[in-house]
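Please read the structure below before turning to the comments.
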Amino acid sequence: MGLRAKFSEAHRRLEGVLDRLRRDEQQGSALASSFAMLDRSLRELFDEEEAYLLPRLRRTDPSEAAVLAGQHQALRARLAALRALVTAPIEGSPRGLLVADLMGELAAELRLHRERKEGFLYPWAEQHLGRYLTDSLTPPPPPEDAAPSLTRAAE
């Protein structure tokens, strides 16, 4: 399985957890458990990308790396707002509606973020870093010269 497939699969799993979280809220079942899974999965995915992909992308395309890092920050903020409702609901508030609204916003933002990464970051990483990132999502960092700039690659 290539790098793009591994990260895309991680996103699909994350979207599945978000779908489960939506069902659990609607049915009043294990909301806290599903939320913990979503929280952990999202943090793990972002940690991997921020540790291994974004630093190398930053050397070749700082603008795109900044956009993706900003999206991670916005998604984490949305997740924190959802965590506040799930773990410490406000008495007498329409909690279910607030949670549903935040989940919908999180799902939409996450989908756009995934599409952006699948359109650029993952193909770029597979082309420039694929030989280093084949067996796991937490490989040792590649050497400094492992990610040639996009302009050098085009020459």
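All residue names refer to the structure tokens as shown: chains lettered A, B, ... in order, residues numbered from 1 in each chain, ligands numbered from 1 in order.
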Each range 6-71 of chain A residue no farther than 12 Å from range 100-110 of chain A, nearest pair in Å, only C-alpha atoms, as a tab-separated table:
```
residue	atom	partner	partner_atom	distance
A:His11	CA	A:Leu110	CA	8.8
A:Arg12	CA	A:Leu110	CA	10.6
A:Leu14	CA	A:Leu110	CA	9.2
A:Glu15	CA	A:Ala107	CA	7.5
A:Gly16	CA	A:Ala107	CA	10.5
A:Val17	CA	A:Ala107	CA	10.6
A:Leu18	CA	A:Ala107	CA	7.2
A:Asp19	CA	A:Ala107	CA	8.7
A:Arg20	CA	A:Met103	CA	10.9
A:Leu21	CA	A:Met103	CA	8.3
A:Arg22	CA	A:Ala100	CA	7.1
A:Arg23	CA	A:Ala100	CA	10.0
A:Asp24	CA	A:Ala100	CA	10.7
A:Glu25	CA	A:Ala100	CA	7.7
A:Gln26	CA	A:Ala100	CA	8.4
A:Leu31	CA	A:Ala100	CA	11.7
A:Phe35	CA	A:Met103	CA	10.4
A:Leu38	CA	A:Met103	CA	10.9
A:Asp39	CA	A:Leu106	CA	11.7
A:Leu42	CA	A:Leu110	CA	9.7
A:Leu45	CA	A:Leu110	CA	11.9
A:Phe46	CA	A:Leu110	CA	11.5
A:Leu68	CA	A:Leu110	CA	11.3
A:Gly70	CA	A:Glu109	CA	11.8
A:Gln71	CA	A:Glu109	CA	8.2
```
Written selection (C-alpha atoms) as an mmCIF file, in the first residue's frame:
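This went into again_13.cif:
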```cif
data_model
loop_
_atom_site.group_PDB
_atom_site.id
_atom_site.type_symbol
_atom_site.label_atom_id
_atom_site.label_comp_id
_atom_site.auth_asym_id
_atom_site.auth_seq_id
_atom_site.Cartn_x
_atom_site.Cartn_y
_atom_site.Cartn_z
ATOM 1 C CA HIS A 11 -9.097 9.720 6.595
ATOM 2 C CA ARG A 12 -11.800 7.224 5.650
ATOM 3 C CA LEU A 14 -11.782 9.065 10.669
ATOM 4 C CA GLU A 15 -14.885 9.888 8.649
ATOM 5 C CA GLY A 16 -16.346 6.534 9.737
ATOM 6 C CA VAL A 17 -15.757 7.440 13.377
ATOM 7 C CA LEU A 18 -17.473 10.787 12.774
ATOM 8 C CA ASP A 19 -20.452 8.988 11.204
ATOM 9 C CA ARG A 20 -20.616 6.716 14.261
ATOM 10 C CA LEU A 21 -20.481 9.750 16.530
ATOM 11 C CA ARG A 22 -23.455 11.235 14.694
ATOM 12 C CA ARG A 23 -25.462 8.002 15.037
ATOM 13 C CA ASP A 24 -24.600 7.668 18.722
ATOM 14 C CA GLU A 25 -25.804 11.197 19.467
ATOM 15 C CA GLN A 26 -29.037 10.647 17.573
ATOM 16 C CA LEU A 31 -21.373 9.295 22.685
ATOM 17 C CA PHE A 35 -16.006 11.002 20.685
ATOM 18 C CA LEU A 38 -12.689 10.618 16.967
ATOM 19 C CA ASP A 39 -10.485 12.815 19.129
ATOM 20 C CA LEU A 42 -7.836 13.041 14.456
ATOM 21 C CA LEU A 45 -3.497 11.685 11.869
ATOM 22 C CA PHE A 46 -2.563 15.343 12.298
ATOM 23 C CA LEU A 68 -2.809 22.828 5.719
ATOM 24 C CA GLY A 70 -4.065 26.364 9.527
ATOM 25 C CA GLN A 71 -6.753 23.867 8.619
#
```
Original post:
Could you pull out all residues of range 28-99 of chain A with a DSSP call of helix (DSSP H, G or I) and give them as an MDAnalysis selection string?
Top reply: chainID A and resid 31:60 62:87 95:99
Keeping only C-alpha atoms, take the residues you just selected and write them out as a short mmCIF file (atom, residue, chain, number, x, y, z; two decimals), in the first residue's frame.
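So the final result, stored in result-v2.cif, reads:
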```
data_model
loop_
_atom_site.label_atom_id
_atom_site.label_comp_id
_atom_site.auth_asym_id
_atom_site.auth_seq_id
_atom_site.Cartn_x
_atom_site.Cartn_y
_atom_site.Cartn_z
CA LEU A 31 -21.37 9.29 22.69
CA ALA A 32 -18.36 9.72 24.97
CA SER A 33 -16.69 6.55 23.68
CA SER A 34 -17.20 7.48 20.03
CA PHE A 35 -16.01 11.00 20.69
CA ALA A 36 -12.84 9.71 22.36
CA MET A 37 -12.17 7.61 19.23
CA LEU A 38 -12.69 10.62 16.97
CA ASP A 39 -10.49 12.82 19.13
CA ARG A 40 -7.68 10.24 19.25
CA SER A 41 -7.89 9.41 15.55
CA LEU A 42 -7.84 13.04 14.46
CA ARG A 43 -4.91 13.88 16.74
CA GLU A 44 -2.93 10.84 15.53
CA LEU A 45 -3.50 11.68 11.87
CA PHE A 46 -2.56 15.34 12.30
CA ASP A 47 0.46 14.45 14.45
CA GLU A 48 1.74 12.12 11.71
CA GLU A 49 1.26 14.70 8.98
CA GLU A 50 2.80 17.48 11.07
CA ALA A 51 5.79 15.36 12.05
CA TYR A 52 6.65 13.85 8.68
CA LEU A 53 4.90 15.57 5.80
CA LEU A 54 4.35 19.25 6.57
CA PRO A 55 7.97 20.05 7.54
CA ARG A 56 9.18 18.70 4.20
CA LEU A 57 6.37 20.38 2.28
CA ARG A 58 7.23 23.66 4.05
CA ARG A 59 10.68 23.57 2.41
CA THR A 60 9.20 23.28 -1.07
CA PRO A 62 5.58 27.07 2.40
CA SER A 63 2.25 28.59 1.37
CA GLU A 64 0.49 25.23 0.97
CA ALA A 65 2.06 23.93 4.18
CA ALA A 66 0.75 27.00 6.03
CA VAL A 67 -2.77 26.48 4.65
CA LEU A 68 -2.81 22.83 5.72
CA ALA A 69 -1.40 23.65 9.17
CA GLY A 70 -4.06 26.36 9.53
CA GLN A 71 -6.75 23.87 8.62
CA HIS A 72 -5.40 21.49 11.28
CA GLN A 73 -5.62 24.32 13.81
CA ALA A 74 -9.20 25.17 12.81
CA LEU A 75 -10.24 21.50 12.95
CA ARG A 76 -8.67 21.14 16.38
CA ALA A 77 -10.60 24.22 17.57
CA ARG A 78 -13.85 22.74 16.24
CA LEU A 79 -13.03 19.47 18.00
CA ALA A 80 -12.32 21.34 21.26
CA ALA A 81 -15.72 23.05 21.06
CA LEU A 82 -17.38 19.69 20.49
CA ARG A 83 -15.37 18.16 23.36
CA ALA A 84 -16.67 20.89 25.69
CA LEU A 85 -20.26 19.95 24.86
CA VAL A 86 -19.71 16.20 25.04
CA THR A 87 -17.74 16.14 28.28
CA ARG A 95 -27.22 20.02 23.74
CA GLY A 96 -28.25 17.60 21.01
CA LEU A 97 -28.76 20.40 18.50
CA LEU A 98 -25.45 22.04 19.39
CA VAL A 99 -23.57 18.76 19.11
#
```
